[in-house]
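Structure file work_6.pdb with PDB, C-alpha atoms:
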MODEL        1
ATOM      1  CA  MET A   1     -21.249  12.893  13.693
ATOM      2  CA  LEU A   2     -17.958  14.605  14.152
ATOM      3  CA  ILE A   3     -17.731  18.368  13.675
ATOM      4  CA  ALA A   4     -14.195  19.649  13.579
ATOM      5  CA  CYS A   5     -13.102  22.246  16.090
ATOM      6  CA  ARG A   6     -16.203  22.109  18.249
ATOM      7  CA  ALA A   7     -15.205  21.337  21.824
ATOM      8  CA  PRO A   8     -17.848  19.353  23.643
ATOM      9  CA  SER A   9     -17.502  21.511  26.702
ATOM     10  CA  GLY A  10     -16.306  25.032  27.265
ATOM     11  CA  PRO A  11     -17.463  28.302  25.737
ATOM     12  CA  ARG A  12     -19.999  27.952  22.957
ATOM     13  CA  LEU A  13     -19.539  29.738  19.689
ATOM     14  CA  LEU A  14     -21.204  33.078  19.203
ATOM     15  CA  PRO A  15     -24.915  32.513  18.536
ATOM     16  CA  ASN A  16     -24.805  33.899  15.009
ATOM     17  CA  VAL A  17     -21.893  31.630  14.079
ATOM     18  CA  GLU A  18     -23.745  28.623  15.456
ATOM     19  CA  ARG A  19     -26.815  29.553  13.459
ATOM     20  CA  LEU A  20     -24.735  29.907  10.320
ATOM     21  CA  LEU A  21     -23.266  26.446  10.788
ATOM     22  CA  ASP A  22     -26.655  24.970  11.702
ATOM     23  CA  SER A  23     -28.154  26.345   8.516
ATOM     24  CA  PHE A  24     -25.857  24.131   6.436
ATOM     25  CA  PHE A  25     -27.592  20.992   7.521
ATOM     26  CA  ALA A  26     -31.231  21.396   6.726
ATOM     27  CA  ASP A  27     -31.954  17.836   7.718
ATOM     28  CA  ASP A  28     -29.981  17.806  10.942
ATOM     29  CA  ARG A  29     -30.573  18.831  14.487
ATOM     30  CA  PRO A  30     -28.645  21.824  15.836
ATOM     31  CA  MET A  31     -25.003  21.005  16.345
ATOM     32  CA  SER A  32     -25.108  21.823  20.034
ATOM     33  CA  ALA A  33     -26.968  18.559  20.641
ATOM     34  CA  PHE A  34     -23.925  16.321  20.909
ATOM     35  CA  ALA A  35     -25.601  13.451  22.631
ATOM     36  CA  ALA A  36     -27.360  10.902  20.396
ATOM     37  CA  ALA A  37     -27.066  12.985  17.226
ATOM     38  CA  PRO A  38     -28.626  11.124  14.294
ATOM     39  CA  THR A  39     -25.985   9.593  12.060
ATOM     40  CA  LEU A  40     -25.928  11.054   8.585
ATOM     41  CA  PHE A  41     -24.377   9.482   5.554
ATOM     42  CA  PRO A  42     -22.146  10.488   3.950
ATOM     43  CA  ALA A  43     -20.041  12.839   6.020
ATOM     44  CA  VAL A  44     -19.473  16.067   4.099
ATOM     45  CA  ASN A  45     -17.025  18.937   4.203
ATOM     46  CA  VAL A  46     -18.118  22.344   2.958
ATOM     47  CA  LEU A  47     -15.592  24.881   1.698
ATOM     48  CA  GLU A  48     -15.683  28.191  -0.099
ATOM     49  CA  ASP A  49     -13.433  30.523  -1.960
ATOM     50  CA  ALA A  50     -14.183  33.880  -3.554
ATOM     51  CA  GLU A  51     -15.972  32.341  -6.519
ATOM     52  CA  ASN A  52     -17.468  29.015  -5.390
ATOM     53  CA  PHE A  53     -18.822  26.805  -2.677
ATOM     54  CA  PHE A  54     -17.488  23.265  -2.591
ATOM     55  CA  ILE A  55     -19.179  20.274  -1.056
ATOM     56  CA  GLU A  56     -16.955  17.246  -0.677
ATOM     57  CA  ALA A  57     -17.944  13.746   0.408
ATOM     58  CA  GLU A  58     -16.098  10.453   0.563
ATOM     59  CA  LEU A  59     -18.014   7.763  -1.278
ATOM     60  CA  PRO A  60     -15.596   4.901  -1.857
ATOM     61  CA  GLY A  61     -17.023   2.104  -3.955
ATOM     62  CA  TYR A  62     -19.814   4.146  -5.544
ATOM     63  CA  ARG A  63     -19.868   4.517  -9.316
ATOM     64  CA  ARG A  64     -20.788   7.732 -11.093
ATOM     65  CA  LYS A  65     -24.105   6.422 -12.316
ATOM     66  CA  GLU A  66     -25.079   5.460  -8.779
ATOM     67  CA  ILE A  67     -24.946   9.075  -7.592
ATOM     68  CA  GLU A  68     -27.515  11.725  -8.340
ATOM     69  CA  ILE A  69     -27.182  15.421  -7.515
ATOM     70  CA  SER A  70     -29.964  17.944  -7.641
ATOM     71  CA  ALA A  71     -30.415  21.553  -6.579
ATOM     72  CA  LEU A  72     -33.492  23.427  -5.486
ATOM     73  CA  GLY A  73     -33.369  26.963  -4.141
ATOM     74  CA  ASP A  74     -30.526  27.164  -1.687
ATOM     75  CA  GLU A  75     -30.361  23.415  -1.116
ATOM     76  CA  LEU A  76     -28.231  20.790  -2.731
ATOM     77  CA  THR A  77     -29.322  17.155  -2.497
ATOM     78  CA  ILE A  78     -27.030  14.198  -2.986
ATOM     79  CA  ARG A  79     -28.593  10.786  -3.526
ATOM     80  CA  GLY A  80     -26.906   7.443  -3.862
ATOM     81  CA  ARG A  81     -28.392   4.212  -5.087
ATOM     82  CA  PRO A  82     -25.734   1.523  -5.244
ATOM     83  CA  ALA A  83     -26.303  -1.452  -7.499
ATOM     84  CA  GLN A  84     -26.706  -4.630  -5.513
ATOM     85  CA  THR A  85     -23.447  -6.520  -5.696
ATOM     86  CA  GLN A  86     -23.038 -10.170  -4.972
ATOM     87  CA  ALA A  87     -20.689 -10.699  -2.074
ATOM     88  CA  GLN A  88     -18.409 -13.572  -2.873
ATOM     89  CA  GLY A  89     -17.881 -15.652   0.180
ATOM     90  CA  ALA A  90     -18.633 -15.047   3.812
ATOM     91  CA  PHE A  91     -17.863 -11.944   5.826
ATOM     92  CA  LEU A  92     -15.364 -12.465   8.617
ATOM     93  CA  ARG A  93     -15.554  -8.794   9.451
ATOM     94  CA  ARG A  94     -17.724  -6.047   8.073
ATOM     95  CA  GLU A  95     -16.995  -2.363   8.658
ATOM     96  CA  ARG A  96     -17.564  -0.711   5.301
ATOM     97  CA  MET A  97     -20.939   0.550   4.302
ATOM     98  CA  ALA A  98     -22.275   1.664   0.977
ATOM     99  CA  PRO A  99     -25.941   2.206   1.606
ATOM    100  CA  GLU A 100     -28.664   3.869  -0.349
ATOM    101  CA  PHE A 101     -28.705   7.443   0.959
ATOM    102  CA  GLU A 102     -30.099  10.901   0.524
ATOM    103  CA  ARG A 103     -28.691  14.028   2.097
ATOM    104  CA  THR A 104     -29.552  17.681   1.673
ATOM    105  CA  ILE A 105     -27.193  20.531   2.409
ATOM    106  CA  ARG A 106     -28.430  24.085   2.662
ATOM    107  CA  LEU A 107     -25.958  26.716   1.540
ATOM    108  CA  PRO A 108     -25.995  30.039   3.387
ATOM    109  CA  LEU A 109     -25.762  32.142   0.241
ATOM    110  CA  PRO A 110     -27.204  31.844  -3.280
ATOM    111  CA  PHE A 111     -25.448  29.731  -5.883
ATOM    112  CA  ASP A 112     -25.761  29.449  -9.631
ATOM    113  CA  ALA A 113     -27.631  26.173 -10.083
ATOM    114  CA  ASP A 114     -27.133  26.151 -13.858
ATOM    115  CA  ASN A 115     -23.370  25.877 -13.547
ATOM    116  CA  ILE A 116     -22.895  23.314 -10.813
ATOM    117  CA  ARG A 117     -20.092  20.848 -11.524
ATOM    118  CA  ALA A 118     -19.728  17.501  -9.847
ATOM    119  CA  GLU A 119     -16.764  15.182 -10.060
ATOM    120  CA  LEU A 120     -16.164  11.730  -8.641
ATOM    121  CA  SER A 121     -12.558  10.682  -8.475
ATOM    122  CA  ALA A 122     -10.898   7.954  -6.359
ATOM    123  CA  GLY A 123     -14.063   7.693  -4.308
ATOM    124  CA  VAL A 124     -14.231  11.415  -3.501
ATOM    125  CA  LEU A 125     -17.221  13.411  -4.709
ATOM    126  CA  THR A 126     -16.602  17.134  -5.173
ATOM    127  CA  VAL A 127     -19.516  19.398  -6.037
ATOM    128  CA  THR A 128     -18.590  22.928  -7.135
ATOM    129  CA  LEU A 129     -21.319  25.529  -6.810
ATOM    130  CA  PRO A 130     -20.474  28.904  -8.325
ATOM    131  CA  LYS A 131     -21.632  31.855  -6.265
ATOM    132  CA  THR A 132     -24.086  34.297  -7.750
ATOM    133  CA  PRO A 133     -23.054  37.951  -7.781
ATOM    134  CA  ALA A 134     -25.355  38.506  -4.817
ATOM    135  CA  ALA A 135     -23.267  36.023  -2.859
ATOM    136  CA  LYS A 136     -19.998  37.789  -3.417
ATOM    137  CA  PRO A 137     -18.927  40.627  -1.207
ATOM    138  CA  ARG A 138     -19.479  44.017  -2.680
ATOM    139  CA  ARG A 139     -17.521  47.018  -1.652
ATOM    140  CA  ILE A 140     -19.497  50.163  -1.092
ATOM    141  CA  GLU A 141     -17.728  53.421  -1.431
ATOM    142  CA  VAL A 142     -18.130  55.936   1.355
ATOM    143  CA  ARG A 143     -18.385  59.444   0.065
ATOM    144  CA  SER A 144     -18.320  62.652   1.960
ATOM    145  CA  ALA A 145     -21.628  64.433   2.115
TER     146      ALA A 145
ATOM    147  CA  MET B   1     -21.460   7.816  10.672
ATOM    148  CA  ASP B   2     -17.820   8.398  11.313
ATOM    149  CA  ASN B   3     -15.971   5.376  10.013
ATOM    150  CA  LYS B   4     -12.648   7.017  10.456
ATOM    151  CA  ASP B   5     -10.728   5.972  13.491
ATOM    152  CA  THR B   6      -7.501   7.838  14.073
ATOM    153  CA  THR B   7      -4.745   5.526  15.170
ATOM    154  CA  ASN B   8      -4.087   7.657  18.212
ATOM    155  CA  GLY B   9      -7.673   7.321  19.350
ATOM    156  CA  CYS B  10      -9.711  10.375  18.549
ATOM    157  CA  GLY B  11     -11.466  10.625  21.864
ATOM    158  CA  THR B  12     -12.383  14.287  21.790
ATOM    159  CA  THR B  13     -13.161  16.605  18.964
ATOM    160  CA  THR B  14     -10.244  18.826  19.909
ATOM    161  CA  GLU B  15      -7.839  16.008  19.043
ATOM    162  CA  CYS B  16      -9.369  15.741  15.609
ATOM    163  CA  CYS B  17      -8.833  19.464  15.156
ATOM    164  CA  SER B  18      -5.268  18.561  14.319
ATOM    165  CA  THR B  19      -6.432  17.689  10.821
ATOM    166  CA  THR B  20      -6.952  21.363  10.124
ATOM    167  CA  SER B  21      -3.350  22.137  11.026
ATOM    168  CA  LYS B  22      -0.353  21.449   8.808
ATOM    169  CA  GLN B  23       0.265  17.999  10.229
ATOM    170  CA  ALA B  24      -1.964  15.434   8.547
ATOM    171  CA  ALA B  25      -3.706  12.903  10.756
ATOM    172  CA  THR B  26      -3.569   9.186  10.023
ATOM    173  CA  PHE B  27      -6.717   7.087   9.884
ATOM    174  CA  LYS B  28      -7.531   3.420  10.023
ATOM    175  CA  PRO B  29      -9.489   2.570   6.893
ATOM    176  CA  ALA B  30     -12.756   0.700   7.273
ATOM    177  CA  VAL B  31     -12.335  -2.848   5.990
ATOM    178  CA  ASP B  32     -14.378  -5.862   5.067
ATOM    179  CA  LEU B  33     -12.723  -9.248   5.483
ATOM    180  CA  MET B  34     -14.110 -12.022   3.352
ATOM    181  CA  GLU B  35     -13.414 -15.690   2.932
ATOM    182  CA  ASP B  36     -14.404 -18.232   0.361
ATOM    183  CA  ASP B  37     -13.084 -21.656  -0.557
ATOM    184  CA  ARG B  38     -10.031 -20.477  -2.363
ATOM    185  CA  SER B  39      -8.937 -17.215  -0.763
ATOM    186  CA  TYR B  40      -9.337 -14.450   1.750
ATOM    187  CA  ARG B  41     -10.039 -10.923   0.620
ATOM    188  CA  ILE B  42      -9.510  -7.607   2.337
ATOM    189  CA  LEU B  43     -11.435  -4.627   1.005
ATOM    190  CA  ALA B  44     -10.291  -1.306   2.429
ATOM    191  CA  ASP B  45     -11.863   2.116   1.893
ATOM    192  CA  VAL B  46      -9.041   4.532   1.088
ATOM    193  CA  PRO B  47     -10.807   7.347  -0.766
ATOM    194  CA  GLY B  48      -8.660  10.114  -2.169
ATOM    195  CA  SER B  49      -5.568   7.959  -2.627
ATOM    196  CA  ARG B  50      -3.802   7.518  -5.908
ATOM    197  CA  MET B  51      -2.598   4.070  -6.892
ATOM    198  CA  GLU B  52       1.038   5.121  -6.784
ATOM    199  CA  ASP B  53       0.589   6.309  -3.196
ATOM    200  CA  ILE B  54      -0.640   2.959  -1.882
ATOM    201  CA  ALA B  55       1.699   0.350  -0.416
ATOM    202  CA  VAL B  56       0.735  -3.189   0.532
ATOM    203  CA  ASP B  57       3.384  -5.153   2.409
ATOM    204  CA  LEU B  58       3.380  -8.696   3.712
ATOM    205  CA  GLU B  59       6.112  -9.541   6.142
ATOM    206  CA  ASN B  60       6.361 -12.128   8.899
ATOM    207  CA  GLY B  61       2.679 -12.908   8.700
ATOM    208  CA  VAL B  62       1.579  -9.277   8.948
ATOM    209  CA  LEU B  63      -0.113  -7.527   6.060
ATOM    210  CA  THR B  64       0.142  -3.733   6.175
ATOM    211  CA  VAL B  65      -1.832  -1.318   4.056
ATOM    212  CA  SER B  66      -0.510   2.243   3.809
ATOM    213  CA  ALA B  67      -2.054   4.888   1.625
ATOM    214  CA  HIS B  68      -0.792   8.426   1.406
ATOM    215  CA  VAL B  69      -3.559  10.923   0.685
ATOM    216  CA  ARG B  70      -2.593  14.247  -0.817
ATOM    217  CA  GLN B  71      -4.369  17.286   0.572
ATOM    218  CA  ARG B  72      -7.092  18.103  -1.834
ATOM    219  CA  SER B  73      -8.839  21.223  -0.640
ATOM    220  CA  GLN B  74      -9.247  23.566  -3.536
ATOM    221  CA  SER B  75      -6.337  25.983  -3.455
ATOM    222  CA  GLY B  76      -7.226  29.015  -1.387
ATOM    223  CA  ALA B  77     -10.521  27.549  -0.198
ATOM    224  CA  ARG B  78     -11.702  28.130   3.338
ATOM    225  CA  LEU B  79     -13.278  25.318   5.329
ATOM    226  CA  LEU B  80     -16.811  26.264   6.420
ATOM    227  CA  ALA B  81     -17.922  23.029   8.030
ATOM    228  CA  ALA B  82     -16.105  19.724   8.395
ATOM    229  CA  GLU B  83     -17.484  16.346   9.334
ATOM    230  CA  TYR B  84     -14.398  14.363   8.468
ATOM    231  CA  GLY B  85     -10.684  14.874   8.245
ATOM    232  CA  VAL B  86      -8.405  14.116   5.342
ATOM    233  CA  GLY B  87      -5.190  12.240   5.979
ATOM    234  CA  ASP B  88      -3.187   9.127   5.330
ATOM    235  CA  PHE B  89      -4.486   5.625   5.917
ATOM    236  CA  HIS B  90      -2.660   2.868   7.750
ATOM    237  CA  ARG B  91      -3.755  -0.511   9.050
ATOM    238  CA  SER B  92      -2.147  -3.871   9.718
ATOM    239  CA  PHE B  93      -3.562  -7.373   9.814
ATOM    240  CA  ARG B  94      -2.173 -10.599  11.081
ATOM    241  CA  VAL B  95      -2.427 -13.327   8.456
ATOM    242  CA  GLY B  96      -2.065 -16.977   9.205
ATOM    243  CA  ASP B  97       0.388 -19.280   7.477
ATOM    244  CA  ASP B  98      -2.403 -20.879   5.501
ATOM    245  CA  ILE B  99      -1.859 -18.094   2.940
ATOM    246  CA  ASP B 100       0.096 -18.614  -0.237
ATOM    247  CA  ALA B 101       2.196 -15.490   0.268
ATOM    248  CA  ALA B 102       3.740 -15.534  -3.185
ATOM    249  CA  SER B 103       0.330 -15.252  -4.833
ATOM    250  CA  VAL B 104      -1.106 -12.316  -2.918
ATOM    251  CA  THR B 105      -2.390  -9.638  -5.272
ATOM    252  CA  ALA B 106      -3.921  -6.203  -4.823
ATOM    253  CA  GLU B 107      -6.004  -3.940  -6.984
ATOM    254  CA  TYR B 108      -7.406  -0.461  -6.578
ATOM    255  CA  GLY B 109     -10.370   1.408  -7.988
ATOM    256  CA  ASP B 110     -13.020   3.955  -6.940
ATOM    257  CA  GLY B 111     -11.272   4.552  -3.633
ATOM    258  CA  VAL B 112     -11.369   0.875  -2.643
ATOM    259  CA  LEU B 113      -8.291  -1.324  -2.286
ATOM    260  CA  THR B 114      -8.865  -5.063  -2.669
ATOM    261  CA  VAL B 115      -6.177  -7.472  -1.472
ATOM    262  CA  ASN B 116      -6.597 -11.060  -2.550
ATOM    263  CA  LEU B 117      -4.881 -13.691  -0.395
ATOM    264  CA  PRO B 118      -5.141 -17.133  -1.932
ATOM    265  CA  LYS B 119      -5.155 -20.028   0.465
ATOM    266  CA  GLY B 120      -2.315 -22.433   0.201
ATOM    267  CA  GLU B 121      -2.927 -25.832  -1.334
ATOM    268  CA  ARG B 122      -2.999 -27.437   2.069
ATOM    269  CA  THR B 123      -5.904 -25.446   3.393
ATOM    270  CA  ARG B 124      -8.213 -25.413   0.415
ATOM    271  CA  SER B 125     -11.164 -27.604   1.063
ATOM    272  CA  ARG B 126     -10.806 -30.595  -1.061
ATOM    273  CA  ARG B 127     -13.123 -33.498  -1.693
ATOM    274  CA  ILE B 128     -11.309 -36.783  -1.350
ATOM    275  CA  PRO B 129     -12.743 -39.492  -3.530
ATOM    276  CA  VAL B 130     -13.630 -42.701  -1.802
ATOM    277  CA  SER B 131     -12.868 -45.949  -3.507
ATOM    278  CA  THR B 132     -13.821 -49.409  -2.419
ATOM    279  CA  SER B 133     -11.282 -51.371  -0.502
ATOM    280  CA  THR B 134     -12.051 -54.774  -1.980
TER     281      THR B 134
ENDMDL
END

Here is the file; what I need is its structure written in the form of structure tokens.
Amino acid sequence: MLIACRAPSGPRLLPNVERLLDSFFADDRPMSAFAAAPTLFPAVNVLEDAENFFIEAELPGYRRKEIEISALGDELTIRGRPAQTQAQGAFLRRERMAPEFERTIRLPLPFDADNIRAELSAGVLTVTLPKTPAAKPRRIEVRSA
Amino acid sequence: MDNKDTTNGCGTTTECCSTTSKQAATFKPAVDLMEDDRSYRILADVPGSRMEDIAVDLENGVLTVSAHVRQRSQSGARLLAAEYGVGDFHRSFRVGDDIDAASVTAEYGDGVLTVNLPKGERTRSRRIPVSTST
């Protein structure tokens, strides 16, 4: 599993940043264990802006009805169950995979499960999770005593 | 499982960090190569490409697949965790001269490009009827 911008050697990230990143992957071992990390499918990217979290995964060859998304608490689960297709002919080389899969991502802040949107376009799945008010930064005014 | 193989050999994670900079990386798409009686087929995973951004060229016995992928991160979104990079796809294949080059076709859907290379008449398996010689 490839994590962008994590050098395999050299200074580690601050412990609280590592914990924040670890908390995304409820079903994964801590990211500092580079050797023999279990392979997870599919690879996901997680993004955020002021209003939403976004989870993006590349799932070429999957149809909409083969993908199921569910949310529970602070976790989002993506499941895929591809229909069995008949391969025509023999494989000379086989690199692609479209397995049955299940993957759970834990978000670090609350999201509004009732308004999750998921889109599958050109083999890219994008799940948009709106943040709850508690997840958005709140400015607190400092007054003089 | 990281199916993406950067053409410059992504040996260390710091090389792959280049995908977060302005310059997009280029990846080799995962492919399946199939053969049946009448044709070869190449199926390539190029998720995130639009049909108009895909080029399939056959020249001098080399088939090249190029797919430009537009950056798709939501405008103004910050990357929190990344397990894969987004960039263009490029891969070439040598094809033998048993291909009927004029009849090669390609189609695209759901992030998968399928190139169909029909075998020339000469190489299709053909049953030759046997008649008596008397």

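With the cut-off set to 6 Å and all atoms listed in the file counted, chain B residues close to chain A are Met1, Thr13, Thr14, Cys17, Ala30, Val31, Asp32, Leu33, Met34, Glu35, Asp36, Asp45, Pro47, Gly48, Ala77, Arg78, Leu79, Leu80, Ala81, Ala82, Glu83, Asp110, Gly111 and Val112 of chain B.
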
Inset, instruction - Starting from the displayed file, determine the output of the PyMOL selection byres ((chain A and resi 114) around 10) and express the residue list as a VMD selection string. - result: chain A and resid 71 111 to 113 115 to 117 129 to 130

Now that the selection is made, can you save its residues with C-alpha atoms as an mmCIF file, in the frame of the given file?
data_model
loop_
_atom_site.group_PDB
_atom_site.id
_atom_site.type_symbol
_atom_site.label_atom_id
_atom_site.label_comp_id
_atom_site.auth_asym_id
_atom_site.auth_seq_id
_atom_site.Cartn_x
_atom_site.Cartn_y
_atom_site.Cartn_z
ATOM 1 C CA ALA A 71 -30.415 21.553 -6.579
ATOM 2 C CA PHE A 111 -25.448 29.731 -5.883
ATOM 3 C CA ASP A 112 -25.761 29.449 -9.631
ATOM 4 C CA ALA A 113 -27.631 26.173 -10.083
ATOM 5 C CA ASN A 115 -23.370 25.877 -13.547
ATOM 6 C CA ILE A 116 -22.895 23.314 -10.813
ATOM 7 C CA ARG A 117 -20.092 20.848 -11.524
ATOM 8 C CA LEU A 129 -21.319 25.529 -6.810
ATOM 9 C CA PRO A 130 -20.474 28.904 -8.325
#

Inset, instruction - Would you work out the distance separating CA of His90 (chain B) from CA of Thr26 (chain B), expressed in Å to one decimal? - result: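 Spanning CA of His90 (chain B) to CA of Thr26 (chain B) is a straight-line distance of 6.8 Å.
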
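For the pair CA of Pro129 (chain B) and CA of Ile99 (chain B), the interatomic distance is 24.9 Å.
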
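Against the coordinates shown, the PyMOL selection byres ((chain A and resi 80-82) around 9) returns Gly61, Tyr62, Arg63, Lys65, Glu66, Ile67, Glu68, Ile69, Ile78, Arg79, Ala83, Gln84, Thr85, Ala98, Pro99, Glu100, Phe101 and Glu102 of chain A.
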
Inset, instruction - Pull out every residue that the PyMOL selection byres ((chain B and resi 59) around 12) matches in the shown coordinates and put them as a list in words. - result: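 On this input, the PyMOL selection byres ((chain B and resi 59) around 12) captures Val56, Asp57, Leu58, Asn60, Gly61, Val62, Leu63, Thr64, Val65, Ser92, Phe93, Arg94, Val95, Gly96, Asp97, Ala101, Ala102 and Val104 of chain B.
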
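Our summary of the geometry notes that CA of Arg91 (chain B) is positioned 11.9 Å from CA of Leu43 (chain B).
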